[in-house]
>>> print(open('model34.cif').read())   # mmCIF, N, CA and C atoms
data_start
loop_
_atom_site.label_atom_id
_atom_site.label_comp_id
_atom_site.auth_asym_id
_atom_site.auth_seq_id
_atom_site.Cartn_x
_atom_site.Cartn_y
_atom_site.Cartn_z
N MET A 1 -3.04 -24.57 0.00
CA MET A 1 -1.85 -23.98 0.57
C MET A 1 -2.21 -23.11 1.75
N LEU A 2 -3.31 -22.36 1.66
CA LEU A 2 -3.69 -21.49 2.78
C LEU A 2 -4.04 -22.29 4.02
N LEU A 3 -4.68 -23.43 3.82
CA LEU A 3 -5.02 -24.28 4.96
C LEU A 3 -3.76 -24.78 5.64
N ARG A 4 -2.79 -25.21 4.84
CA ARG A 4 -1.53 -25.70 5.42
C ARG A 4 -0.78 -24.57 6.12
N LEU A 5 -0.79 -23.38 5.53
CA LEU A 5 -0.13 -22.24 6.15
C LEU A 5 -0.81 -21.88 7.48
N ALA A 6 -2.13 -21.93 7.51
CA ALA A 6 -2.85 -21.67 8.76
C ALA A 6 -2.51 -22.74 9.81
N TYR A 7 -2.43 -23.99 9.38
CA TYR A 7 -2.07 -25.08 10.29
C TYR A 7 -0.66 -24.85 10.86
N LEU A 8 0.29 -24.51 10.00
CA LEU A 8 1.65 -24.25 10.47
C LEU A 8 1.70 -23.08 11.45
N THR A 9 0.93 -22.05 11.17
CA THR A 9 0.91 -20.88 12.05
C THR A 9 0.36 -21.24 13.42
N VAL A 10 -0.73 -21.99 13.45
CA VAL A 10 -1.34 -22.36 14.73
C VAL A 10 -0.42 -23.29 15.52
N THR A 11 0.14 -24.30 14.87
CA THR A 11 1.00 -25.23 15.60
C THR A 11 2.27 -24.55 16.11
N ASN A 12 2.82 -23.65 15.32
CA ASN A 12 4.03 -22.95 15.78
C ASN A 12 3.71 -21.92 16.85
N THR A 13 2.51 -21.37 16.84
CA THR A 13 2.10 -20.48 17.93
C THR A 13 2.03 -21.26 19.24
N PHE A 14 1.44 -22.45 19.18
CA PHE A 14 1.40 -23.27 20.40
C PHE A 14 2.79 -23.70 20.82
N ALA A 15 3.67 -23.94 19.87
CA ALA A 15 5.05 -24.30 20.20
C ALA A 15 5.76 -23.12 20.89
N ALA A 16 5.47 -21.91 20.42
CA ALA A 16 6.07 -20.72 21.05
C ALA A 16 5.51 -20.52 22.46
N LEU A 17 4.22 -20.78 22.63
CA LEU A 17 3.63 -20.67 23.97
C LEU A 17 4.21 -21.71 24.91
N ARG A 18 4.58 -22.86 24.37
CA ARG A 18 5.19 -23.90 25.19
C ARG A 18 6.55 -23.45 25.72
N LEU A 19 7.21 -22.54 24.98
CA LEU A 19 8.53 -22.08 25.39
C LEU A 19 8.49 -21.05 26.52
N LEU A 20 7.36 -20.43 26.75
CA LEU A 20 7.28 -19.37 27.78
C LEU A 20 7.70 -19.83 29.17
N PRO A 21 7.19 -20.96 29.68
CA PRO A 21 7.60 -21.34 31.03
C PRO A 21 9.00 -21.96 31.10
N MET A 22 9.62 -22.25 29.97
CA MET A 22 10.94 -22.89 29.97
C MET A 22 12.03 -21.87 30.34
N GLY A 23 13.05 -22.35 30.98
CA GLY A 23 14.17 -21.51 31.31
C GLY A 23 15.12 -21.37 30.12
N ASP A 24 16.06 -20.45 30.24
CA ASP A 24 17.01 -20.22 29.15
C ASP A 24 17.89 -21.45 28.91
N ARG A 25 18.23 -22.16 29.96
CA ARG A 25 19.09 -23.34 29.81
C ARG A 25 18.36 -24.42 29.02
N ASP A 26 17.08 -24.62 29.32
CA ASP A 26 16.29 -25.62 28.59
C ASP A 26 16.15 -25.25 27.11
N LYS A 27 15.95 -23.97 26.84
CA LYS A 27 15.84 -23.52 25.45
C LYS A 27 17.15 -23.72 24.70
N ASP A 28 18.27 -23.43 25.38
CA ASP A 28 19.57 -23.62 24.75
C ASP A 28 19.83 -25.09 24.43
N VAL A 29 19.44 -25.97 25.35
CA VAL A 29 19.61 -27.41 25.11
C VAL A 29 18.76 -27.84 23.91
N GLU A 30 17.53 -27.36 23.84
CA GLU A 30 16.66 -27.72 22.72
C GLU A 30 17.22 -27.20 21.40
N ILE A 31 17.75 -25.98 21.41
CA ILE A 31 18.34 -25.42 20.20
C ILE A 31 19.55 -26.25 19.76
N LEU A 32 20.39 -26.65 20.70
CA LEU A 32 21.54 -27.47 20.35
C LEU A 32 21.12 -28.83 19.80
N ALA A 33 20.07 -29.41 20.39
CA ALA A 33 19.57 -30.70 19.89
C ALA A 33 19.03 -30.54 18.46
N LEU A 34 18.29 -29.47 18.20
CA LEU A 34 17.75 -29.24 16.86
C LEU A 34 18.87 -28.99 15.85
N ARG A 35 19.89 -28.25 16.26
CA ARG A 35 21.02 -28.02 15.36
C ARG A 35 21.75 -29.31 15.03
N HIS A 36 21.88 -30.18 16.03
CA HIS A 36 22.55 -31.45 15.79
C HIS A 36 21.72 -32.32 14.84
N GLN A 37 20.41 -32.30 15.00
CA GLN A 37 19.55 -33.05 14.09
C GLN A 37 19.68 -32.55 12.65
N ILE A 38 19.79 -31.24 12.48
CA ILE A 38 19.98 -30.67 11.15
C ILE A 38 21.30 -31.14 10.56
N THR A 39 22.34 -31.17 11.38
CA THR A 39 23.65 -31.64 10.92
C THR A 39 23.57 -33.09 10.46
N VAL A 40 22.89 -33.93 11.23
CA VAL A 40 22.74 -35.34 10.87
C VAL A 40 21.97 -35.46 9.56
N LEU A 41 20.88 -34.71 9.40
CA LEU A 41 20.10 -34.76 8.16
C LEU A 41 20.92 -34.31 6.97
N GLU A 42 21.70 -33.24 7.12
CA GLU A 42 22.55 -32.77 6.03
C GLU A 42 23.58 -33.83 5.65
N ARG A 43 24.12 -34.51 6.65
CA ARG A 43 25.12 -35.54 6.39
C ARG A 43 24.49 -36.72 5.65
N GLN A 44 23.27 -37.08 6.02
CA GLN A 44 22.58 -38.20 5.36
C GLN A 44 22.16 -37.85 3.94
N LEU A 45 21.74 -36.60 3.74
CA LEU A 45 21.31 -36.18 2.41
C LEU A 45 22.46 -36.06 1.43
N GLY A 46 23.60 -35.64 1.92
CA GLY A 46 24.75 -35.44 1.05
C GLY A 46 24.72 -34.05 0.45
N ALA A 47 25.80 -33.70 -0.20
CA ALA A 47 25.94 -32.35 -0.74
C ALA A 47 25.16 -32.16 -2.03
N ASP A 48 24.93 -33.25 -2.77
CA ASP A 48 24.28 -33.11 -4.07
C ASP A 48 22.74 -33.17 -4.00
N THR A 49 22.18 -33.48 -2.87
CA THR A 49 20.73 -33.60 -2.72
C THR A 49 20.15 -32.29 -2.19
N ARG A 50 19.07 -31.86 -2.82
CA ARG A 50 18.40 -30.63 -2.38
C ARG A 50 17.15 -30.98 -1.59
N VAL A 51 16.90 -30.23 -0.55
CA VAL A 51 15.70 -30.40 0.24
C VAL A 51 14.57 -29.63 -0.44
N ARG A 52 13.41 -30.23 -0.59
CA ARG A 52 12.27 -29.59 -1.25
C ARG A 52 11.27 -29.15 -0.17
N PHE A 53 10.93 -27.88 -0.20
CA PHE A 53 9.97 -27.33 0.74
C PHE A 53 8.64 -27.12 0.04
N ALA A 54 7.55 -27.38 0.75
CA ALA A 54 6.21 -27.11 0.23
C ALA A 54 6.00 -25.60 0.22
N PRO A 55 5.10 -25.10 -0.63
CA PRO A 55 4.86 -23.64 -0.68
C PRO A 55 4.46 -23.05 0.68
N ALA A 56 3.68 -23.78 1.46
CA ALA A 56 3.30 -23.27 2.78
C ALA A 56 4.51 -23.19 3.70
N ASP A 57 5.40 -24.17 3.61
CA ASP A 57 6.63 -24.14 4.41
C ASP A 57 7.51 -22.96 4.01
N ARG A 58 7.59 -22.71 2.70
CA ARG A 58 8.37 -21.56 2.22
C ARG A 58 7.80 -20.26 2.75
N ALA A 59 6.47 -20.12 2.68
CA ALA A 59 5.83 -18.89 3.15
C ALA A 59 6.07 -18.69 4.64
N PHE A 60 5.94 -19.76 5.41
CA PHE A 60 6.14 -19.65 6.86
C PHE A 60 7.58 -19.28 7.19
N LEU A 61 8.54 -19.97 6.57
CA LEU A 61 9.94 -19.66 6.84
C LEU A 61 10.31 -18.25 6.39
N ALA A 62 9.79 -17.85 5.24
CA ALA A 62 10.08 -16.50 4.75
C ALA A 62 9.54 -15.45 5.71
N ALA A 63 8.31 -15.65 6.19
CA ALA A 63 7.72 -14.68 7.12
C ALA A 63 8.45 -14.68 8.45
N LEU A 64 8.90 -15.84 8.88
CA LEU A 64 9.57 -15.95 10.18
C LEU A 64 10.99 -15.38 10.15
N LEU A 65 11.72 -15.66 9.09
CA LEU A 65 13.15 -15.32 9.06
C LEU A 65 13.48 -13.98 8.41
N THR A 66 12.54 -13.38 7.70
CA THR A 66 12.85 -12.14 7.00
C THR A 66 13.11 -10.98 7.95
N SER A 67 12.55 -11.04 9.14
CA SER A 67 12.76 -9.94 10.08
C SER A 67 14.20 -9.91 10.62
N LEU A 68 14.94 -11.00 10.46
CA LEU A 68 16.31 -11.05 10.96
C LEU A 68 17.27 -10.40 9.97
N PRO A 69 18.30 -9.73 10.48
CA PRO A 69 19.31 -9.16 9.57
C PRO A 69 20.07 -10.27 8.84
N ARG A 70 20.64 -9.92 7.70
CA ARG A 70 21.33 -10.91 6.86
C ARG A 70 22.52 -11.54 7.60
N GLU A 71 23.21 -10.76 8.42
CA GLU A 71 24.36 -11.29 9.16
C GLU A 71 23.92 -12.38 10.13
N VAL A 72 22.78 -12.16 10.79
CA VAL A 72 22.26 -13.16 11.73
C VAL A 72 21.80 -14.39 10.97
N LEU A 73 21.18 -14.18 9.80
CA LEU A 73 20.73 -15.32 8.99
C LEU A 73 21.91 -16.20 8.57
N ARG A 74 23.03 -15.57 8.27
CA ARG A 74 24.21 -16.34 7.84
C ARG A 74 24.76 -17.19 8.98
N GLN A 75 24.55 -16.78 10.21
CA GLN A 75 25.06 -17.53 11.35
C GLN A 75 24.13 -18.67 11.77
N LEU A 76 22.86 -18.62 11.33
CA LEU A 76 21.92 -19.66 11.70
C LEU A 76 22.24 -20.96 10.99
N ARG A 77 21.86 -22.05 11.60
CA ARG A 77 22.06 -23.38 11.02
C ARG A 77 20.77 -23.75 10.30
N LEU A 78 20.71 -23.47 9.00
CA LEU A 78 19.50 -23.70 8.22
C LEU A 78 19.78 -24.71 7.11
N LEU A 79 18.73 -25.35 6.63
CA LEU A 79 18.86 -26.25 5.49
C LEU A 79 18.94 -25.48 4.17
N ILE A 80 18.67 -24.20 4.23
CA ILE A 80 18.67 -23.36 3.04
C ILE A 80 19.60 -22.18 3.26
N ARG A 81 20.01 -21.56 2.16
CA ARG A 81 20.86 -20.38 2.27
C ARG A 81 20.02 -19.16 2.62
N PRO A 82 20.61 -18.18 3.31
CA PRO A 82 19.85 -16.96 3.65
C PRO A 82 19.32 -16.24 2.42
N ASP A 83 20.07 -16.27 1.32
CA ASP A 83 19.59 -15.62 0.10
C ASP A 83 18.33 -16.29 -0.42
N THR A 84 18.20 -17.59 -0.21
CA THR A 84 17.00 -18.31 -0.63
C THR A 84 15.79 -17.83 0.16
N VAL A 85 15.96 -17.63 1.46
CA VAL A 85 14.86 -17.13 2.28
C VAL A 85 14.42 -15.75 1.81
N LEU A 86 15.39 -14.90 1.52
CA LEU A 86 15.05 -13.56 1.04
C LEU A 86 14.38 -13.61 -0.33
N ARG A 87 14.81 -14.52 -1.20
CA ARG A 87 14.17 -14.67 -2.51
C ARG A 87 12.73 -15.14 -2.35
N TRP A 88 12.50 -16.10 -1.43
CA TRP A 88 11.14 -16.57 -1.18
C TRP A 88 10.26 -15.42 -0.73
N HIS A 89 10.79 -14.56 0.15
CA HIS A 89 10.02 -13.42 0.64
C HIS A 89 9.71 -12.46 -0.50
N ARG A 90 10.69 -12.17 -1.35
CA ARG A 90 10.45 -11.29 -2.50
C ARG A 90 9.38 -11.87 -3.42
N ASP A 91 9.44 -13.19 -3.66
CA ASP A 91 8.44 -13.83 -4.51
C ASP A 91 7.05 -13.74 -3.91
N LEU A 92 6.96 -13.93 -2.59
CA LEU A 92 5.66 -13.81 -1.92
C LEU A 92 5.09 -12.40 -2.07
N MET A 93 5.93 -11.40 -1.86
CA MET A 93 5.46 -10.02 -1.98
C MET A 93 5.08 -9.68 -3.42
N ARG A 94 5.86 -10.18 -4.37
CA ARG A 94 5.57 -9.92 -5.78
C ARG A 94 4.23 -10.53 -6.16
N ARG A 95 4.00 -11.78 -5.73
CA ARG A 95 2.72 -12.43 -6.04
C ARG A 95 1.56 -11.74 -5.35
N ARG A 96 1.78 -11.28 -4.13
CA ARG A 96 0.72 -10.61 -3.39
C ARG A 96 0.32 -9.31 -4.07
N HIS A 97 1.32 -8.53 -4.48
CA HIS A 97 1.01 -7.26 -5.13
C HIS A 97 0.47 -7.47 -6.54
N ALA A 98 0.93 -8.50 -7.21
CA ALA A 98 0.42 -8.79 -8.55
C ALA A 98 -1.05 -9.19 -8.48
N ARG A 99 -1.43 -9.89 -7.42
CA ARG A 99 -2.81 -10.32 -7.26
C ARG A 99 -3.72 -9.13 -6.98
N THR A 100 -3.26 -8.16 -6.21
CA THR A 100 -4.10 -7.00 -5.89
C THR A 100 -4.17 -6.02 -7.05
N CYS A 101 -3.15 -6.00 -7.92
CA CYS A 101 -3.14 -5.06 -9.04
C CYS A 101 -3.83 -5.61 -10.29
N ARG A 102 -4.10 -6.90 -10.31
CA ARG A 102 -4.71 -7.51 -11.47
C ARG A 102 -6.16 -7.07 -11.60
N PRO A 103 -6.62 -6.78 -12.82
CA PRO A 103 -8.03 -6.38 -12.97
C PRO A 103 -8.96 -7.53 -12.60
N LYS A 104 -10.14 -7.18 -12.14
CA LYS A 104 -11.09 -8.19 -11.70
C LYS A 104 -11.49 -9.13 -12.85
N ARG A 105 -11.79 -8.53 -14.01
CA ARG A 105 -12.17 -9.32 -15.18
C ARG A 105 -11.22 -8.96 -16.31
N PRO A 106 -10.38 -9.88 -16.76
CA PRO A 106 -9.47 -9.55 -17.85
C PRO A 106 -10.23 -9.37 -19.16
N GLY A 107 -9.66 -8.59 -20.05
CA GLY A 107 -10.25 -8.39 -21.36
C GLY A 107 -11.06 -7.10 -21.43
N ARG A 108 -11.70 -6.95 -22.55
CA ARG A 108 -12.48 -5.75 -22.80
C ARG A 108 -13.78 -5.80 -22.01
N PRO A 109 -14.17 -4.68 -21.40
CA PRO A 109 -15.43 -4.69 -20.65
C PRO A 109 -16.61 -4.84 -21.61
N PRO A 110 -17.71 -5.44 -21.16
CA PRO A 110 -18.85 -5.64 -22.04
C PRO A 110 -19.50 -4.31 -22.45
N THR A 111 -20.08 -4.30 -23.65
CA THR A 111 -20.76 -3.12 -24.16
C THR A 111 -22.14 -3.02 -23.52
N VAL A 112 -22.50 -1.81 -23.13
CA VAL A 112 -23.80 -1.58 -22.51
C VAL A 112 -24.89 -1.94 -23.52
N HIS A 113 -25.97 -2.55 -23.06
CA HIS A 113 -27.03 -3.04 -23.94
C HIS A 113 -27.66 -1.90 -24.75
N SER A 114 -27.85 -0.74 -24.14
CA SER A 114 -28.48 0.37 -24.87
C SER A 114 -27.58 0.87 -26.02
N ILE A 115 -26.27 0.88 -25.81
CA ILE A 115 -25.34 1.29 -26.86
C ILE A 115 -25.34 0.26 -27.98
N ARG A 116 -25.38 -1.01 -27.63
CA ARG A 116 -25.41 -2.07 -28.64
C ARG A 116 -26.68 -1.96 -29.48
N ALA A 117 -27.82 -1.71 -28.82
CA ALA A 117 -29.09 -1.57 -29.56
C ALA A 117 -29.04 -0.35 -30.48
N LEU A 118 -28.42 0.75 -30.02
CA LEU A 118 -28.32 1.95 -30.85
C LEU A 118 -27.47 1.69 -32.10
N ILE A 119 -26.35 0.99 -31.93
CA ILE A 119 -25.47 0.68 -33.06
C ILE A 119 -26.21 -0.20 -34.07
N LEU A 120 -26.93 -1.20 -33.59
CA LEU A 120 -27.68 -2.08 -34.50
C LEU A 120 -28.76 -1.30 -35.26
N ARG A 121 -29.41 -0.38 -34.56
CA ARG A 121 -30.44 0.43 -35.23
C ARG A 121 -29.81 1.31 -36.31
N LEU A 122 -28.66 1.92 -36.01
CA LEU A 122 -27.97 2.76 -37.00
C LEU A 122 -27.51 1.95 -38.20
N VAL A 123 -27.08 0.73 -37.98
CA VAL A 123 -26.65 -0.14 -39.07
C VAL A 123 -27.83 -0.47 -39.97
N ARG A 124 -28.99 -0.77 -39.37
CA ARG A 124 -30.19 -1.08 -40.17
C ARG A 124 -30.65 0.14 -40.97
N GLU A 125 -30.55 1.31 -40.37
CA GLU A 125 -31.02 2.53 -41.03
C GLU A 125 -30.06 3.03 -42.11
N ASN A 126 -28.80 2.64 -42.04
CA ASN A 126 -27.79 3.13 -42.98
C ASN A 126 -27.09 1.94 -43.65
N PRO A 127 -27.72 1.34 -44.65
CA PRO A 127 -27.12 0.17 -45.29
C PRO A 127 -25.85 0.51 -46.07
N GLY A 128 -25.60 1.76 -46.37
CA GLY A 128 -24.41 2.14 -47.13
C GLY A 128 -23.13 2.17 -46.31
N TRP A 129 -23.21 1.92 -45.05
CA TRP A 129 -22.00 1.95 -44.22
C TRP A 129 -21.06 0.79 -44.52
N GLY A 130 -21.54 -0.25 -45.14
CA GLY A 130 -20.69 -1.36 -45.49
C GLY A 130 -20.73 -2.50 -44.48
N LEU A 131 -21.55 -2.41 -43.47
CA LEU A 131 -21.66 -3.47 -42.48
C LEU A 131 -23.09 -3.94 -42.48
N SER A 132 -23.29 -5.20 -42.71
CA SER A 132 -24.67 -5.70 -42.72
C SER A 132 -25.12 -5.99 -41.30
N ALA A 133 -26.43 -5.93 -41.10
CA ALA A 133 -26.99 -6.14 -39.77
C ALA A 133 -26.81 -7.58 -39.33
N GLY A 134 -26.61 -8.49 -40.28
CA GLY A 134 -26.42 -9.90 -39.93
C GLY A 134 -25.08 -10.19 -39.24
N ALA A 135 -24.14 -9.28 -39.37
CA ALA A 135 -22.82 -9.50 -38.76
C ALA A 135 -22.88 -9.34 -37.24
N TRP A 136 -23.89 -8.64 -36.75
CA TRP A 136 -24.01 -8.43 -35.32
C TRP A 136 -24.83 -9.55 -34.75
#
>>> encode(input="model34.cif", output="structure tokens")
Amino acid sequence: MLLRLAYLTVTNTFAALRLLPMGDRDKDVEILALRHQITVLERQLGADTRVRFAPADRAFLAALLTSLPREVLRQLRLLIRPDTVLRWHRDLMRRRHARTCRPKRPGRPPTVHSIRALILRLVRENPGWGLSAGAW
């Protein structure tokens, strides 16, 4: 997923650089053409079909669109609802923070060798404790 996300980031960076020398009229024409293509795709898919995005696509769209206010998101022509984009972003942040807060090694930490040797010695010296040395 990280490789795909890196690929999407690089290709879209080059796409953004391609837009720098373009005039506003050319950008508006391209935006209208892209919006029309989305309309055609929605019409072909129908209302009951859902578009499936790959995790890298979700991450890229969430990072790209989260900076926009919700009112602007509602006006955009997207294949997904604005609430879906915000949910994807929340999930990304939750997973990111869960990964950093997770302990490095789950479970009980190992017992230091010297403490283990001391316990075994005490068990051998005190057979009345009720624990045999063979249990260790």
>>> residues_around(input="model34.cif", residues="Ala59 of chain A", least_positions_apart="3", cutoff="8 Å", atoms="all atoms listed in the file", output="ChimeraX atom specification")
/A:5,53-56,62-65,88-89,92
>>> residues_around(input="model34.cif", residues="Arg77 of chain A", least_positions_apart="3", cutoff="9 Å", atoms="only C-alpha atoms", output="PyMOL selection string")
chain A and resi 35+38-39+73-74+80
>>> atom_distance(input="model34.cif", atom1="atom C of Leu61 of chain A", atom2="atom N of Glu30 of chain A")
21.0 Å
>>> select_by_dssp(input="model34.cif", residues="segment 53-105 of chain A", states="alpha helix (DSSP H)", output="number ranges by chain")
A: 55-65, 70-75, 82-101
>>> atom_distance(input="model34.cif", atom1="atom N of Glu42 of chain A", atom2="atom N of Leu76 of chain A")
15.3 Å
>>> atom_distance(input="model34.cif", atom1="atom CA of Ser67 of chain A", atom2="atom N of Arg43 of chain A")
27.3 Å
>>> closest_residue(input="model34.cif", among="A:Val10, A:Val112, A:Ala15, A:Leu79", to="Val51 of chain A", atoms="all atoms listed in the file")
A:Leu79
>>> build_atoms(input="model34.cif", residues="segment 89-99 of chain A", atoms="all heavy atoms", output="PDB file, in the coordinates of the input")
ATOM      1  N   HIS A  89      10.790 -14.560   0.150  1.00  0.00           N
ATOM      2  CA  HIS A  89      10.020 -13.420   0.640  1.00  0.00           C
ATOM      3  C   HIS A  89       9.710 -12.460  -0.500  1.00  0.00           C
ATOM      4  O   HIS A  89       8.582 -11.956  -0.613  1.00  0.00           O
ATOM      5  CB  HIS A  89      10.762 -12.716   1.771  1.00  0.00           C
ATOM      6  CG  HIS A  89       9.946 -11.678   2.439  1.00  0.00           C
ATOM      7  ND1 HIS A  89      10.043 -10.346   2.111  1.00  0.00           N
ATOM      8  CD2 HIS A  89       8.989 -11.764   3.394  1.00  0.00           C
ATOM      9  CE1 HIS A  89       9.192  -9.666   2.834  1.00  0.00           C
ATOM     10  NE2 HIS A  89       8.542 -10.499   3.614  1.00  0.00           N
ATOM     11  N   ARG A  90      10.690 -12.170  -1.350  1.00  0.00           N
ATOM     12  CA  ARG A  90      10.450 -11.290  -2.500  1.00  0.00           C
ATOM     13  C   ARG A  90       9.380 -11.870  -3.420  1.00  0.00           C
ATOM     14  O   ARG A  90       8.500 -11.158  -3.908  1.00  0.00           O
ATOM     15  CB  ARG A  90      11.738 -11.072  -3.288  1.00  0.00           C
ATOM     16  CG  ARG A  90      12.667 -10.046  -2.702  1.00  0.00           C
ATOM     17  CD  ARG A  90      13.759  -9.676  -3.684  1.00  0.00           C
ATOM     18  NE  ARG A  90      14.446 -10.814  -4.280  1.00  0.00           N
ATOM     19  CZ  ARG A  90      15.540 -11.385  -3.782  1.00  0.00           C
ATOM     20  NH1 ARG A  90      16.084 -10.911  -2.683  1.00  0.00           N
ATOM     21  NH2 ARG A  90      16.101 -12.414  -4.386  1.00  0.00           N
ATOM     22  N   ASP A  91       9.440 -13.190  -3.660  1.00  0.00           N
ATOM     23  CA  ASP A  91       8.440 -13.830  -4.510  1.00  0.00           C
ATOM     24  C   ASP A  91       7.050 -13.740  -3.910  1.00  0.00           C
ATOM     25  O   ASP A  91       6.067 -13.503  -4.614  1.00  0.00           O
ATOM     26  CB  ASP A  91       8.801 -15.301  -4.763  1.00  0.00           C
ATOM     27  CG  ASP A  91      10.038 -15.467  -5.624  1.00  0.00           C
ATOM     28  OD1 ASP A  91      10.445 -14.478  -6.274  1.00  0.00           O
ATOM     29  OD2 ASP A  91      10.592 -16.585  -5.639  1.00  0.00           O
ATOM     30  N   LEU A  92       6.960 -13.930  -2.590  1.00  0.00           N
ATOM     31  CA  LEU A  92       5.660 -13.810  -1.920  1.00  0.00           C
ATOM     32  C   LEU A  92       5.090 -12.400  -2.070  1.00  0.00           C
ATOM     33  O   LEU A  92       3.913 -12.223  -2.373  1.00  0.00           O
ATOM     34  CB  LEU A  92       5.799 -14.144  -0.421  1.00  0.00           C
ATOM     35  CG  LEU A  92       5.895 -15.596  -0.045  1.00  0.00           C
ATOM     36  CD1 LEU A  92       6.221 -15.716   1.438  1.00  0.00           C
ATOM     37  CD2 LEU A  92       4.605 -16.311  -0.364  1.00  0.00           C
ATOM     38  N   MET A  93       5.930 -11.400  -1.860  1.00  0.00           N
ATOM     39  CA  MET A  93       5.460 -10.020  -1.980  1.00  0.00           C
ATOM     40  C   MET A  93       5.080  -9.680  -3.420  1.00  0.00           C
ATOM     41  O   MET A  93       4.091  -9.007  -3.666  1.00  0.00           O
ATOM     42  CB  MET A  93       6.534  -9.042  -1.479  1.00  0.00           C
ATOM     43  CG  MET A  93       6.788  -9.111   0.009  1.00  0.00           C
ATOM     44  SD  MET A  93       5.335  -8.665   0.953  1.00  0.00           S
ATOM     45  CE  MET A  93       4.842 -10.227   1.628  1.00  0.00           C
ATOM     46  N   ARG A  94       5.860 -10.180  -4.370  1.00  0.00           N
ATOM     47  CA  ARG A  94       5.570  -9.920  -5.780  1.00  0.00           C
ATOM     48  C   ARG A  94       4.230 -10.530  -6.160  1.00  0.00           C
ATOM     49  O   ARG A  94       3.398  -9.906  -6.810  1.00  0.00           O
ATOM     50  CB  ARG A  94       6.670 -10.479  -6.661  1.00  0.00           C
ATOM     51  CG  ARG A  94       6.515 -10.115  -8.126  1.00  0.00           C
ATOM     52  CD  ARG A  94       7.618 -10.679  -9.001  1.00  0.00           C
ATOM     53  NE  ARG A  94       8.950 -10.415  -8.477  1.00  0.00           N
ATOM     54  CZ  ARG A  94       9.844 -11.354  -8.156  1.00  0.00           C
ATOM     55  NH1 ARG A  94       9.564 -12.621  -8.315  1.00  0.00           N
ATOM     56  NH2 ARG A  94      11.030 -11.030  -7.699  1.00  0.00           N
ATOM     57  N   ARG A  95       4.000 -11.780  -5.730  1.00  0.00           N
ATOM     58  CA  ARG A  95       2.720 -12.430  -6.040  1.00  0.00           C
ATOM     59  C   ARG A  95       1.560 -11.740  -5.350  1.00  0.00           C
ATOM     60  O   ARG A  95       0.478 -11.605  -5.907  1.00  0.00           O
ATOM     61  CB  ARG A  95       2.763 -13.902  -5.631  1.00  0.00           C
ATOM     62  CG  ARG A  95       3.203 -14.793  -6.759  1.00  0.00           C
ATOM     63  CD  ARG A  95       3.060 -16.251  -6.404  1.00  0.00           C
ATOM     64  NE  ARG A  95       4.388 -16.743  -6.083  1.00  0.00           N
ATOM     65  CZ  ARG A  95       4.697 -17.403  -4.990  1.00  0.00           C
ATOM     66  NH1 ARG A  95       3.792 -17.699  -4.111  1.00  0.00           N
ATOM     67  NH2 ARG A  95       5.929 -17.796  -4.766  1.00  0.00           N
ATOM     68  N   ARG A  96       1.780 -11.280  -4.130  1.00  0.00           N
ATOM     69  CA  ARG A  96       0.720 -10.610  -3.390  1.00  0.00           C
ATOM     70  C   ARG A  96       0.320  -9.310  -4.070  1.00  0.00           C
ATOM     71  O   ARG A  96      -0.856  -9.022  -4.262  1.00  0.00           O
ATOM     72  CB  ARG A  96       1.178 -10.319  -1.966  1.00  0.00           C
ATOM     73  CG  ARG A  96       0.174  -9.552  -1.173  1.00  0.00           C
ATOM     74  CD  ARG A  96       0.658  -9.361   0.255  1.00  0.00           C
ATOM     75  NE  ARG A  96      -0.155  -8.380   0.914  1.00  0.00           N
ATOM     76  CZ  ARG A  96       0.316  -7.355   1.581  1.00  0.00           C
ATOM     77  NH1 ARG A  96       1.602  -7.185   1.704  1.00  0.00           N
ATOM     78  NH2 ARG A  96      -0.496  -6.499   2.149  1.00  0.00           N
ATOM     79  N   HIS A  97       1.320  -8.530  -4.480  1.00  0.00           N
ATOM     80  CA  HIS A  97       1.010  -7.260  -5.130  1.00  0.00           C
ATOM     81  C   HIS A  97       0.470  -7.470  -6.540  1.00  0.00           C
ATOM     82  O   HIS A  97      -0.357  -6.703  -7.007  1.00  0.00           O
ATOM     83  CB  HIS A  97       2.239  -6.350  -5.140  1.00  0.00           C
ATOM     84  CG  HIS A  97       2.572  -5.835  -3.774  1.00  0.00           C
ATOM     85  ND1 HIS A  97       1.735  -5.006  -3.084  1.00  0.00           N
ATOM     86  CD2 HIS A  97       3.634  -6.063  -2.957  1.00  0.00           C
ATOM     87  CE1 HIS A  97       2.266  -4.725  -1.906  1.00  0.00           C
ATOM     88  NE2 HIS A  97       3.404  -5.360  -1.799  1.00  0.00           N
ATOM     89  N   ALA A  98       0.930  -8.500  -7.210  1.00  0.00           N
ATOM     90  CA  ALA A  98       0.420  -8.790  -8.550  1.00  0.00           C
ATOM     91  C   ALA A  98      -1.050  -9.190  -8.480  1.00  0.00           C
ATOM     92  O   ALA A  98      -1.848  -8.857  -9.344  1.00  0.00           O
ATOM     93  CB  ALA A  98       1.229  -9.908  -9.209  1.00  0.00           C
ATOM     94  N   ARG A  99      -1.430  -9.890  -7.420  1.00  0.00           N
ATOM     95  CA  ARG A  99      -2.810 -10.320  -7.260  1.00  0.00           C
ATOM     96  C   ARG A  99      -3.720  -9.130  -6.980  1.00  0.00           C
ATOM     97  O   ARG A  99      -4.838  -9.060  -7.494  1.00  0.00           O
ATOM     98  CB  ARG A  99      -2.913 -11.317  -6.109  1.00  0.00           C
ATOM     99  CG  ARG A  99      -4.246 -12.007  -6.022  1.00  0.00           C
ATOM    100  CD  ARG A  99      -4.326 -13.048  -4.901  1.00  0.00           C
ATOM    101  NE  ARG A  99      -3.098 -13.762  -4.641  1.00  0.00           N
ATOM    102  CZ  ARG A  99      -2.425 -13.691  -3.487  1.00  0.00           C
ATOM    103  NH1 ARG A  99      -2.869 -12.949  -2.495  1.00  0.00           N
ATOM    104  NH2 ARG A  99      -1.323 -14.367  -3.315  1.00  0.00           N
TER     105      ARG A  99
END
